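*Asks:* Here's a structure for you.
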Amino acid sequence: MKYKVNKKGFYGKFGGAYIPELLYPNVEELQNNYKQIIESDEFQTEYKKLLKYYVGRPSPLYYAERLSKQYNTNIYLKREDLNHTGAHKVNNTIGQILIAQKLGKKRIIAETGAGQHGVATAAVCALKGLECTVYMGEVDIARQAPNVARMKMLGAKVIPATSGSKTLKDAVNEAIRAWINNPEDTYYLIGSVVGPHPYPDMVAKLQAVISKEMKLQLKTQTGNENPDTIIACVGGGSNAAGSFYHYLKDENVKLVAVEASGEGVFSNKTAATIQVGTPGILHGSKTILMQDKYGQVIEPYSISAGLDYPGIGPIFAHLFDQKRAEFLNATDKEAIEAAFELAKLEGILPALESSHALAVLKKMKFKQDETVVVILSGRGDKDLQTYMKFI
Amino acid sequence: MKYKVNKKGFYGKFGGAYIPELLYPNVEELQNNYKQIIESDEFQTEYKKLLKYYVGRPSPLYYAERLSKQYNTNIYLKREDLNHTGAHKVNNTIGQILIAQKLGKKRIIAETGAGQHGVATAAVCALKGLECTVYMGEVDIARQAPNVARMKMLGAKVIPATSGSKTLKDAVNEAIRAWINNPEDTYYLIGSVVGPHPYPDMVAKLQAVISKEMKLQLKTQTGNENPDTIIACVGGGSNAAGSFYHYLKDENVKLVAVEASGEGVFSNKTAATIQVGTPGILHGSKTILMQDKYGQVIEPYSISAGLDYPGIGPIFAHLFDQKRAEFLNATDKEAIEAAFELAKLEGILPALESSHALAVLKKMKFKQDETVVVILSGRGDKDLQTYMKFI
Amino acid sequence: MIKKTFRDKKNILSIYFTAGYPNINDTTTIIKQLEKSGVDLIEVGIPFSDPLADGPTIQKSSSQALKNGINLDIVFSQLKSIKNETNIPLILMGYLNQMIAFGEERFLKECRNSNIDGLIIPDLPVDEYQTNYKCLFEKYNLSNIFLISPQTKPERIKEIDEISDSFIYMVSSNSITGAKGSLNTNQISYFERIKNMKLKNPTLIGFGISNKQNFDNACKYSQGAIIGSAFINKISEEGDLKNNINEFVRHIKIDN
Amino acid sequence: MIKKTFRDKKNILSIYFTAGYPNINDTTTIIKQLEKSGVDLIEVGIPFSDPLADGPTIQKSSSQALKNGINLDIVFSQLKSIKNETNIPLILMGYLNQMIAFGEERFLKECRNSNIDGLIIPDLPVDEYQTNYKCLFEKYNLSNIFLISPQTKPERIKEIDEISDSFIYMVSSNSITGAKGSLNTNQISYFERIKNMKLKNPTLIGFGISNKQNFDNACKYSQGAIIGSAFINKISEEGDLKNNINEFVRHIKIDN
Ligand SMILES: Cc1ncc(COP(=O)(O)O)c(C=O)c1O
Ligand SMILES: Cc1ncc(COP(=O)(O)O)c(C=O)c1O
């Protein structure tokens, strides 16, 4: 329980629900109901059914032979890229849409960075016939154009966030603002393990399907349900939280969280929160964030829209604090190289976000008989425009 | 056996291997070995492993609740869109790359229309470390830009076909030409059930995994391994051939093949081969094709690059002849409408090709207790540019 | 001092503006002119990079003020510089992260030294305040002002009333601060409902008050109202800052 | 007539061109001029929409000829119109689908009526020919000419030799017709190998023969050679068609 959320929504010193009073009724309703709903048979039946038939789970745990040879160890890829809509994000949106329905909500709002969460939200809204509005930074709208088109085709309204760095954090601001304006029938469907309690725990619980499957798959494929190492990228941290979830208490499983260091950790163009951040409050929870001495949030930078965020889920602030996870980072350049390496060795195009996780393979030492799982959080189709610049 | 290929490569009157003598050694080698290789334990083990862990099979058979309500029947979608690389094409390329390896080939060439076969080929070539060249019509290069980028990132060389209608048929011509030039170490990896014997049968056998899975899934999900109706789009016909394969002998299963009728069957801008074609020889096999009285091939037209082909796999010419399959068609407009319908009702973006299969739902009559399977042969990400024009 | 204002005055007009806007040194000019023009209470917003509870007008003014180079040190020194020239209750509005980054106790101490009377921190939740901040606020004799909305349940309103010691900020509709139209029936029934609760603290109505008509309507149901965005819009216009302020306030307070 | 040519002549030069190219009515002019300039054998290509066994030069000429409006009916009538003016063996080259669409027997009959001596149909496989077409070809006294390549196995070459009755088209390298460089050691050893098989039919070497040096080399290993793309390139140039043809042929045949 050391790494799980407490009753008040805290992971150690981090977490909580620092929200305007205007949202208190909504957040309270969710706090009081989310666990019970998630644990209900009704929810579980429908959630599992959709994960299986709609999303295509379980996602394979693929032994990457040529990549393993390259690093002289045993590398498995958890193939979240094969999910419907192309990333792990849908595991969460499927769950939350069922919760929103159960709470009788009629409209869904969401923020998105890379657009994957926006697409996954738009898809489940279509599936359930609910109105959907997605907030997205103007910069991200430009660099993730295919996902914008997908959201539109799925019937969602995409509203540009034009303030600040015009990226993910500003999209979150806009979404919260819109929620404050429409607290009654509107559900805010957050896309990562960020925001006020209960969001970080709720999203982690929904993404935990990743590590649940991994245990079974590793048991079947290697004979041991625990790998030696799990590597995942961290924007807000939902794919990492989900893939670490069932291993948190297995202290001998090494957990590696990879942040985006943009043009370099200390280049001032970075999104490596853990490296340059300090404790503070962002988007409703106490966590580590990039800020100046006045508490003004520093605009982050990463080539990857999904990692271009100045905060980190509170659970990661806690895991860092407790030294339960190791925090590494990868620059734009390293991520691009890793993406091309995977393309050429395995015929798989990773999302720019996932490429950051792959990039640290070069920076780590592995034993030959080690089992390493890299979370391939999404596919690279949305990032072709960026990748093509490096071909 | 009535619908299976005979020893000489014919389906009734259709099929055969009408190839230049220069390719005879290559085709003969394949004819003599493909069955034996496919049936070998070694092949089956590796093929099944890759389909499961790399491609993510089995692809779900998804009960589309809102679509079913719309048509007052029971519609299942066979989710080939969830495969690695985003279409059914990879089922075939995985198999053929293993065959090519077994035959000791070093270079792979392929044609592509929508680019899905090109991407699937480029991916498996990367996976196996083989050199890859893909021929693609200039028109298709423009309208399926994301897939061109994917092929390049996967390390393939994409060569534009600039003759004729600059679409799929011309890409096939170029690929065959290139093969004639490099018969020794080069394997031609055809992407549909077209070309000289043994390609049509080999590709059908590799795509047959679709109907094999369907039998098991329908048995589990409905209690009956046979549906009433299967609907699939037909360019060359590989997704249809694969999904009809294990049902050919079950004469009570209605098989519906959907061609692209462009701006209308008799508009002169069509690719509905069965409707306007006559028997002849194209790309090495006797089949039905669109031609004038001098045997000049008529340039086809469809909004969908994957269906924009003036021929049809010889097995379909035979199924038409034998009245075993029903041949319907959908125009550009009908396909677009069907795509948006699926997006809005189910949160799934179909490939333009698959949209043609969906489009005939409107044109058919179903009983309320009928089980209808529509093959969702691929996802729509590659077609966003086209779809966005209609939003 | 806030208490005194509520005891002595009726139809209280509280004006919100953003420190350091339109120009970095306008903070003091605006305060002095507001007092002179007859405003009863002033809310000074500390610009924040991520003001998620503010509407577009205030958000824009904040980002301009930050570009102007404003920061908390400057705000405090501006406020201190006019300490002896003004005699109007001042409320500081900012986000919790700003207070934490500055150091909570240091922040509150500086507020006291700058003659601040109360604070509005939209993302400081009620129980966090009670558990971790109440004592400190009391130590520095600062009021914390809470918001309530049409969605706030009666028990919670009572709880908030219990821990409040100046006034309660009553959000008129479910909307981020910004200039909207006149009162609708939902708003009126909400105001009536609160009025009938007979709270121990007075209330000011805020969010969406933009003109004399709104203001007068609000005063029917509470002790006064708060205007923010409409005022920011006014001082964003061309023309002399002081004149603009004077015109705006006189229009609300005096014209009839 | 083809047999006679091979019996009577040495170093046979066979020229391929596309009917209806560069202009629709050039077919007859070209045939007559080729004969006049001293060519021994002529292959007339019937333009096809999808000439997958042809290289880019011939492909382009075909598509131009089709744009010019050429079709099989016109080709036959052109050939018939010069029936009495020429005395050189003519071979028609086309794809199987053209023959089928025209009607196989009607096609062969028209060939006979147009004084055609033989046919090259690259996508007509050997056993398809034997099973379905041999009798018809014989009925109309037409030779079918088969291709062999370095990959063709000895038994198959023997089989092809068996069913051939005019000559065998020996593809010099694994390449589509087109203008390439001179002979390499692989090609030479392949030619030697075939020479040593002592086939009953003569051979002509084709694909990649573009100049006098190639031609003379080819003649060392066979009865002659076929030139296609290089000739098409020549007649695509500016200048008088007949002069161009004459120049091209004289350069190959006579210059020394
Ligand atoms: C493919 C992919 N991976 C990772 C992320 C980062 O999010 P998180 O850290 O919540 O997993 C995103 C966010 O958009 C994403 O699209
Ligand atoms: C998604 C998709 N469906 C269908 C087709 C048509 O091919 P076939 O008829 O061989 O299934 C294509 C071809 O590119 C395709 O990409």
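Starting from 1 in every chain, residues are counted up; chains themselves are A, B, ... following the order of the structure tokens, and ligands are numbered from 1 as listed.
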Could you list, as a PDB file with N, CA, C and O atoms, in the first residue's frame, the residues of chain A having an atom within 6 Å of chain B when counting only C-alpha atoms?
*Replies:*
ATOM      1  N   TYR A  53     -13.243  -6.777 -27.408  1.00  0.00           N
ATOM      2  CA  TYR A  53     -13.799  -6.768 -28.757  1.00  0.00           C
ATOM      3  C   TYR A  53     -13.629  -5.448 -29.497  1.00  0.00           C
ATOM      4  O   TYR A  53     -13.583  -5.422 -30.711  1.00  0.00           O
ATOM      5  N   GLY A  56      -9.363  -4.571 -28.804  1.00  0.00           N
ATOM      6  CA  GLY A  56      -8.488  -5.627 -29.313  1.00  0.00           C
ATOM      7  C   GLY A  56      -7.498  -6.164 -28.285  1.00  0.00           C
ATOM      8  O   GLY A  56      -6.449  -6.697 -28.653  1.00  0.00           O
ATOM      9  N   PRO A  60      -0.436  -7.680 -27.532  1.00  0.00           N
ATOM     10  CA  PRO A  60       0.622  -8.696 -27.458  1.00  0.00           C
ATOM     11  C   PRO A  60       1.846  -8.211 -26.666  1.00  0.00           C
ATOM     12  O   PRO A  60       2.116  -7.011 -26.600  1.00  0.00           O
ATOM     13  N   TYR A  62       5.430  -8.710 -27.306  1.00  0.00           N
ATOM     14  CA  TYR A  62       6.186  -9.176 -28.473  1.00  0.00           C
ATOM     15  C   TYR A  62       7.680  -9.251 -28.165  1.00  0.00           C
ATOM     16  O   TYR A  62       8.278  -8.267 -27.746  1.00  0.00           O
ATOM     17  N   ALA A 123     -13.669   8.678 -29.958  1.00  0.00           N
ATOM     18  CA  ALA A 123     -14.142   7.351 -30.374  1.00  0.00           C
ATOM     19  C   ALA A 123     -15.162   6.797 -29.378  1.00  0.00           C
ATOM     20  O   ALA A 123     -16.243   6.351 -29.776  1.00  0.00           O
ATOM     21  N   ALA A 126     -18.439   8.651 -29.556  1.00  0.00           N
ATOM     22  CA  ALA A 126     -19.241   8.195 -30.698  1.00  0.00           C
ATOM     23  C   ALA A 126     -19.908   6.869 -30.348  1.00  0.00           C
ATOM     24  O   ALA A 126     -21.111   6.689 -30.546  1.00  0.00           O
ATOM     25  N   LEU A 127     -19.117   5.982 -29.798  1.00  0.00           N
ATOM     26  CA  LEU A 127     -19.613   4.649 -29.433  1.00  0.00           C
ATOM     27  C   LEU A 127     -20.813   4.726 -28.503  1.00  0.00           C
ATOM     28  O   LEU A 127     -21.724   3.892 -28.568  1.00  0.00           O
ATOM     29  N   LEU A 154     -14.696  11.737 -36.172  1.00  0.00           N
ATOM     30  CA  LEU A 154     -15.447  11.013 -35.136  1.00  0.00           C
ATOM     31  C   LEU A 154     -16.533  11.887 -34.518  1.00  0.00           C
ATOM     32  O   LEU A 154     -17.218  11.470 -33.588  1.00  0.00           O
ATOM     33  N   ALA A 343      12.081   1.028 -36.376  1.00  0.00           N
ATOM     34  CA  ALA A 343      11.498   0.868 -37.713  1.00  0.00           C
ATOM     35  C   ALA A 343      12.339  -0.096 -38.543  1.00  0.00           C
ATOM     36  O   ALA A 343      11.818  -1.026 -39.150  1.00  0.00           O
ATOM     37  N   LYS A 344      13.635   0.122 -38.529  1.00  0.00           N
ATOM     38  CA  LYS A 344      14.517  -0.657 -39.407  1.00  0.00           C
ATOM     39  C   LYS A 344      14.757  -2.081 -38.883  1.00  0.00           C
ATOM     40  O   LYS A 344      14.965  -2.992 -39.655  1.00  0.00           O
ATOM     41  N   LEU A 345      14.759  -2.236 -37.552  1.00  0.00           N
ATOM     42  CA  LEU A 345      15.042  -3.568 -37.009  1.00  0.00           C
ATOM     43  C   LEU A 345      13.799  -4.435 -36.868  1.00  0.00           C
ATOM     44  O   LEU A 345      13.866  -5.654 -36.990  1.00  0.00           O
ATOM     45  N   GLU A 346      12.672  -3.811 -36.568  1.00  0.00           N
ATOM     46  CA  GLU A 346      11.492  -4.616 -36.250  1.00  0.00           C
ATOM     47  C   GLU A 346      10.278  -4.319 -37.145  1.00  0.00           C
ATOM     48  O   GLU A 346       9.248  -4.960 -37.000  1.00  0.00           O
ATOM     49  N   GLY A 347      10.408  -3.313 -38.000  1.00  0.00           N
ATOM     50  CA  GLY A 347       9.254  -2.999 -38.847  1.00  0.00           C
ATOM     51  C   GLY A 347       8.084  -2.443 -38.065  1.00  0.00           C
ATOM     52  O   GLY A 347       6.924  -2.670 -38.404  1.00  0.00           O
TER      53      GLY A 347
END
*Asks:* I need the helix (DSSP H, G or I) residues of segment 4-37 of chain A per DSSP on the backbone, written as a tab-separated table (two decimals) with all heavy atoms, in the first residue's frame.
*Replies:*
chain	number	residue	atom	x	y	z
A	21	GLU	N	-13.72	25.85	-5.79
A	21	GLU	CA	-14.95	25.40	-5.12
A	21	GLU	C	-16.05	25.07	-6.14
A	21	GLU	O	-16.86	24.17	-5.93
A	21	GLU	CB	-15.43	26.48	-4.15
A	21	GLU	CG	-16.68	26.14	-3.36
A	21	GLU	CD	-16.50	24.97	-2.42
A	21	GLU	OE1	-15.35	24.73	-1.97
A	21	GLU	OE2	-17.49	24.28	-2.12
A	22	LEU	N	-16.04	25.78	-7.27
A	22	LEU	CA	-17.07	25.56	-8.28
A	22	LEU	C	-17.07	24.14	-8.82
A	22	LEU	O	-18.07	23.65	-9.33
A	22	LEU	CB	-16.89	26.55	-9.45
A	22	LEU	CG	-17.35	27.98	-9.18
A	22	LEU	CD1	-16.57	28.66	-8.07
A	22	LEU	CD2	-17.24	28.81	-10.45
A	23	LEU	N	-15.91	23.48	-8.72
A	23	LEU	CA	-15.84	22.11	-9.22
A	23	LEU	C	-16.01	21.08	-8.10
A	23	LEU	O	-16.06	19.88	-8.35
A	23	LEU	CB	-14.49	21.87	-9.93
A	23	LEU	CG	-14.34	22.62	-11.24
A	23	LEU	CD1	-12.95	22.38	-11.82
A	23	LEU	CD2	-15.41	22.16	-12.24
A	24	TYR	N	-16.10	21.60	-6.88
A	24	TYR	CA	-16.15	20.68	-5.75
A	24	TYR	C	-17.25	19.63	-5.88
A	24	TYR	O	-16.98	18.43	-5.69
A	24	TYR	CB	-16.30	21.47	-4.44
A	24	TYR	CG	-16.26	20.58	-3.23
A	24	TYR	CD1	-15.05	20.15	-2.69
A	24	TYR	CD2	-17.46	20.14	-2.65
A	24	TYR	CE1	-15.03	19.30	-1.59
A	24	TYR	CE2	-17.45	19.28	-1.57
A	24	TYR	CZ	-16.24	18.87	-1.03
A	24	TYR	OH	-16.22	18.03	0.03
A	25	PRO	N	-18.48	20.04	-6.27
A	25	PRO	CA	-19.54	19.03	-6.36
A	25	PRO	C	-19.21	17.92	-7.36
A	25	PRO	O	-19.45	16.74	-7.10
A	25	PRO	CB	-20.76	19.83	-6.82
A	25	PRO	CG	-20.45	21.24	-6.45
A	25	PRO	CD	-18.97	21.39	-6.57
A	26	ASN	N	-18.63	18.31	-8.49
A	26	ASN	CA	-18.30	17.32	-9.51
A	26	ASN	C	-17.22	16.35	-9.04
A	26	ASN	O	-17.33	15.13	-9.19
A	26	ASN	CB	-17.75	18.01	-10.77
A	26	ASN	CG	-18.78	18.92	-11.38
A	26	ASN	OD1	-19.40	19.72	-10.68
A	26	ASN	ND2	-19.00	18.77	-12.67
A	27	VAL	N	-16.18	16.94	-8.48
A	27	VAL	CA	-15.05	16.11	-8.06
A	27	VAL	C	-15.47	15.23	-6.88
A	27	VAL	O	-15.11	14.06	-6.80
A	27	VAL	CB	-13.84	17.00	-7.72
A	27	VAL	CG1	-12.74	16.18	-7.05
A	27	VAL	CG2	-13.31	17.66	-8.99
A	28	GLU	N	-16.26	15.81	-5.99
A	28	GLU	CA	-16.74	15.03	-4.84
A	28	GLU	C	-17.58	13.84	-5.31
A	28	GLU	O	-17.42	12.71	-4.83
A	28	GLU	CB	-17.58	15.93	-3.93
A	28	GLU	CG	-17.91	15.27	-2.60
A	28	GLU	CD	-19.01	16.02	-1.85
A	28	GLU	OE1	-19.83	16.70	-2.50
A	28	GLU	OE2	-19.04	15.91	-0.61
A	29	GLU	N	-18.47	14.10	-6.26
A	29	GLU	CA	-19.32	13.03	-6.80
A	29	GLU	C	-18.44	11.89	-7.33
A	29	GLU	O	-18.70	10.72	-7.08
A	29	GLU	CB	-20.18	13.61	-7.93
A	29	GLU	CG	-21.15	12.61	-8.55
A	29	GLU	CD	-21.86	13.19	-9.77
A	29	GLU	OE1	-21.30	14.10	-10.41
A	29	GLU	OE2	-22.97	12.72	-10.08
A	30	LEU	N	-17.40	12.28	-8.04
A	30	LEU	CA	-16.50	11.29	-8.62
A	30	LEU	C	-15.72	10.55	-7.52
A	30	LEU	O	-15.61	9.32	-7.54
A	30	LEU	CB	-15.53	12.01	-9.57
A	30	LEU	CG	-14.93	11.20	-10.69
A	30	LEU	CD1	-15.99	10.50	-11.52
A	30	LEU	CD2	-14.09	12.13	-11.61
A	31	GLN	N	-15.20	11.31	-6.56
A	31	GLN	CA	-14.46	10.71	-5.45
A	31	GLN	C	-15.31	9.68	-4.73
A	31	GLN	O	-14.84	8.60	-4.35
A	31	GLN	CB	-14.02	11.79	-4.45
A	31	GLN	CG	-12.89	12.67	-4.95
A	31	GLN	CD	-12.55	13.81	-4.00
A	31	GLN	OE1	-13.29	14.07	-3.04
A	31	GLN	NE2	-11.44	14.50	-4.25
A	32	ASN	N	-16.58	10.02	-4.54
A	32	ASN	CA	-17.45	9.14	-3.78
A	32	ASN	C	-17.89	7.90	-4.56
A	32	ASN	O	-18.38	6.95	-3.96
A	32	ASN	CB	-18.71	9.90	-3.34
A	32	ASN	CG	-18.37	10.94	-2.28
A	32	ASN	OD1	-17.31	10.87	-1.66
A	32	ASN	ND2	-19.25	11.91	-2.10
A	33	ASN	N	-17.76	7.97	-5.86
A	33	ASN	CA	-18.35	6.89	-6.66
A	33	ASN	C	-17.39	6.06	-7.49
A	33	ASN	O	-17.72	4.94	-7.87
A	33	ASN	CB	-19.42	7.46	-7.59
A	33	ASN	CG	-20.63	7.93	-6.82
A	33	ASN	OD1	-21.38	7.13	-6.27
A	33	ASN	ND2	-20.80	9.25	-6.74
A	34	TYR	N	-16.22	6.58	-7.80
A	34	TYR	CA	-15.41	5.91	-8.83
A	34	TYR	C	-15.00	4.49	-8.46
A	34	TYR	O	-15.08	3.58	-9.30
A	34	TYR	CB	-14.18	6.76	-9.21
A	34	TYR	CG	-12.98	6.67	-8.29
A	34	TYR	CD1	-11.84	5.94	-8.66
A	34	TYR	CD2	-12.96	7.30	-7.05
A	34	TYR	CE1	-10.73	5.86	-7.84
A	34	TYR	CE2	-11.85	7.23	-6.21
A	34	TYR	CZ	-10.74	6.50	-6.60
A	34	TYR	OH	-9.66	6.41	-5.78
A	35	LYS	N	-14.61	4.32	-7.21
A	35	LYS	CA	-14.13	2.99	-6.81
A	35	LYS	C	-15.25	1.97	-6.88
A	35	LYS	O	-15.07	0.87	-7.43
A	35	LYS	CB	-13.61	3.05	-5.38
A	35	LYS	CG	-12.11	3.18	-5.30
A	35	LYS	CD	-11.62	2.79	-3.93
A	35	LYS	CE	-10.17	3.17	-3.76
A	35	LYS	NZ	-9.88	3.59	-2.39
A	36	GLN	N	-16.36	2.36	-6.33
A	36	GLN	CA	-17.52	1.48	-6.30
A	36	GLN	C	-17.97	1.11	-7.71
A	36	GLN	O	-18.24	-0.05	-8.00
A	36	GLN	CB	-18.61	2.27	-5.59
A	36	GLN	CG	-19.76	1.49	-5.04
A	36	GLN	CD	-20.75	2.50	-4.43
A	36	GLN	OE1	-20.35	3.42	-3.69
A	36	GLN	NE2	-22.02	2.33	-4.77
A	37	ILE	N	-17.98	2.12	-8.59
A	37	ILE	CA	-18.39	1.83	-9.97
A	37	ILE	C	-17.38	0.88	-10.62
A	37	ILE	O	-17.76	-0.14	-11.19
A	37	ILE	CB	-18.49	3.14	-10.81
A	37	ILE	CG1	-19.62	4.02	-10.29
A	37	ILE	CG2	-18.70	2.81	-12.29
A	37	ILE	CD1	-19.72	5.38	-10.97
*Asks:* Name the residues in contact with segment 93-110 of chain A at a cut-off of 7 Å, using only C-alpha atoms, excluding same-chain residues fewer than 2 positions from it; report them as a PyMOL selection string.
*Replies:* chain A and resi 37+47+89-91+112+118+120-121+124+130-135+175+185-190+206
*Asks:* So that I have them on file, write out the residues from the current selection with N, CA and C atoms, as an mmCIF file, in the first residue's frame.
*Replies:*
data_model
loop_
_atom_site.group_PDB
_atom_site.id
_atom_site.type_symbol
_atom_site.label_atom_id
_atom_site.label_comp_id
_atom_site.auth_asym_id
_atom_site.auth_seq_id
_atom_site.Cartn_x
_atom_site.Cartn_y
_atom_site.Cartn_z
ATOM 1 N N ILE A 37 -17.984 2.119 -8.587
ATOM 2 C CA ILE A 37 -18.386 1.835 -9.971
ATOM 3 C C ILE A 37 -17.384 0.884 -10.621
ATOM 4 N N TYR A 47 -16.606 -3.235 -19.310
ATOM 5 C CA TYR A 47 -15.229 -2.762 -19.540
ATOM 6 C C TYR A 47 -14.407 -3.847 -20.225
ATOM 7 N N LYS A 89 -4.058 5.079 -24.566
ATOM 8 C CA LYS A 89 -5.031 6.040 -24.054
ATOM 9 C C LYS A 89 -6.449 5.475 -23.982
ATOM 10 N N VAL A 90 -6.786 4.623 -24.907
ATOM 11 C CA VAL A 90 -8.161 4.116 -24.993
ATOM 12 C C VAL A 90 -8.539 3.223 -23.804
ATOM 13 N N ASN A 91 -7.566 2.600 -23.177
ATOM 14 C CA ASN A 91 -7.873 1.789 -21.984
ATOM 15 C C ASN A 91 -8.601 2.636 -20.948
ATOM 16 N N THR A 112 -6.157 17.300 -24.865
ATOM 17 C CA THR A 112 -5.260 16.338 -25.495
ATOM 18 C C THR A 112 -3.956 17.006 -25.907
ATOM 19 N N GLY A 118 -7.396 12.566 -27.256
ATOM 20 C CA GLY A 118 -8.541 13.203 -27.901
ATOM 21 C C GLY A 118 -9.248 12.230 -28.839
ATOM 22 N N ALA A 120 -9.084 8.935 -28.736
ATOM 23 C CA ALA A 120 -9.665 7.844 -27.942
ATOM 24 C C ALA A 120 -10.953 8.312 -27.262
ATOM 25 N N THR A 121 -10.981 9.571 -26.849
ATOM 26 C CA THR A 121 -12.188 10.107 -26.223
ATOM 27 C C THR A 121 -13.286 10.276 -27.269
ATOM 28 N N VAL A 124 -14.840 6.846 -28.085
ATOM 29 C CA VAL A 124 -15.783 6.257 -27.122
ATOM 30 C C VAL A 124 -17.043 7.117 -26.992
ATOM 31 N N LEU A 130 -22.409 10.219 -27.097
ATOM 32 C CA LEU A 130 -22.310 11.407 -26.243
ATOM 33 C C LEU A 130 -21.592 12.537 -26.978
ATOM 34 N N GLU A 131 -21.989 13.751 -26.667
ATOM 35 C CA GLU A 131 -21.371 14.940 -27.250
ATOM 36 C C GLU A 131 -19.942 15.082 -26.740
ATOM 37 N N CYS A 132 -19.042 15.494 -27.606
ATOM 38 C CA CYS A 132 -17.622 15.512 -27.218
ATOM 39 C C CYS A 132 -16.906 16.784 -27.674
ATOM 40 N N THR A 133 -16.242 17.431 -26.735
ATOM 41 C CA THR A 133 -15.429 18.605 -27.059
ATOM 42 C C THR A 133 -14.011 18.371 -26.553
ATOM 43 N N VAL A 134 -13.045 18.590 -27.426
ATOM 44 C CA VAL A 134 -11.650 18.344 -27.052
ATOM 45 C C VAL A 134 -10.848 19.634 -27.156
ATOM 46 N N TYR A 135 -10.132 19.960 -26.105
ATOM 47 C CA TYR A 135 -9.255 21.127 -26.099
ATOM 48 C C TYR A 135 -7.840 20.682 -26.435
ATOM 49 N N ALA A 175 -9.728 23.145 -20.647
ATOM 50 C CA ALA A 175 -10.720 22.109 -20.338
ATOM 51 C C ALA A 175 -11.300 22.342 -18.941
ATOM 52 N N ASP A 185 -23.992 18.875 -16.304
ATOM 53 C CA ASP A 185 -24.170 17.638 -17.067
ATOM 54 C C ASP A 185 -22.884 17.204 -17.764
ATOM 55 N N THR A 186 -21.789 17.887 -17.445
ATOM 56 C CA THR A 186 -20.562 17.652 -18.198
ATOM 57 C C THR A 186 -19.566 16.820 -17.393
ATOM 58 N N TYR A 187 -18.936 15.894 -18.080
ATOM 59 C CA TYR A 187 -17.909 15.072 -17.451
ATOM 60 C C TYR A 187 -16.565 15.426 -18.085
ATOM 61 N N TYR A 188 -15.593 15.673 -17.237
ATOM 62 C CA TYR A 188 -14.244 15.962 -17.744
ATOM 63 C C TYR A 188 -13.458 14.660 -17.754
ATOM 64 N N LEU A 189 -13.112 14.242 -18.953
ATOM 65 C CA LEU A 189 -12.452 12.951 -19.115
ATOM 66 C C LEU A 189 -10.937 13.183 -19.272
ATOM 67 N N ILE A 190 -10.245 13.153 -18.150
ATOM 68 C CA ILE A 190 -8.807 13.439 -18.158
ATOM 69 C C ILE A 190 -8.027 12.271 -18.760
ATOM 70 N N LEU A 206 -7.470 2.165 -14.369
ATOM 71 C CA LEU A 206 -7.954 1.762 -15.694
ATOM 72 C C LEU A 206 -6.800 1.345 -16.607
#
*Asks:* Find the residues of chain C in contact range of chain A, meaning any atom within 9 Å when counting only C-alpha atoms, and list them as a VMD selection string.
*Replies:* chain C and resid 47 to 55 59 to 60 63 71 to 73 96 to 102 121 to 126 128 146 to 153 171 173 to 176
*Asks:* Find the spatial neighbours of His251 of chain C, counting only C-alpha atoms, within a cut-off of 10 Å - ignore same-chain residues fewer than 5 positions away - and output them as a PyMOL selection string.
*Replies:* chain C and resi 211-212+245-246+256
*Asks:* Could you save those same residues with N, CA, C and O atoms as a compact mmCIF listing (two decimals), in the first residue's frame?
*Replies:*
# COMPACT_ATOMS: atom_id res chain seq x y z
N ASN C 211 -22.41 45.84 -15.74
CA ASN C 211 -22.93 47.20 -15.89
C ASN C 211 -23.81 47.59 -14.69
O ASN C 211 -24.02 46.79 -13.77
N LYS C 212 -24.29 48.79 -14.74
CA LYS C 212 -25.08 49.32 -13.62
C LYS C 212 -26.32 48.47 -13.34
O LYS C 212 -26.66 48.18 -12.19
N ILE C 245 -11.07 54.94 -15.45
CA ILE C 245 -11.49 54.34 -14.17
C ILE C 245 -12.64 55.14 -13.58
O ILE C 245 -13.68 54.60 -13.19
N ASN C 246 -12.44 56.43 -13.55
CA ASN C 246 -13.44 57.30 -12.95
C ASN C 246 -14.78 57.17 -13.66
O ASN C 246 -15.83 57.03 -13.03
N ASN C 256 -27.75 57.79 -12.47
CA ASN C 256 -29.04 57.18 -12.23
C ASN C 256 -30.08 57.59 -13.27
O ASN C 256 -29.89 58.47 -14.04
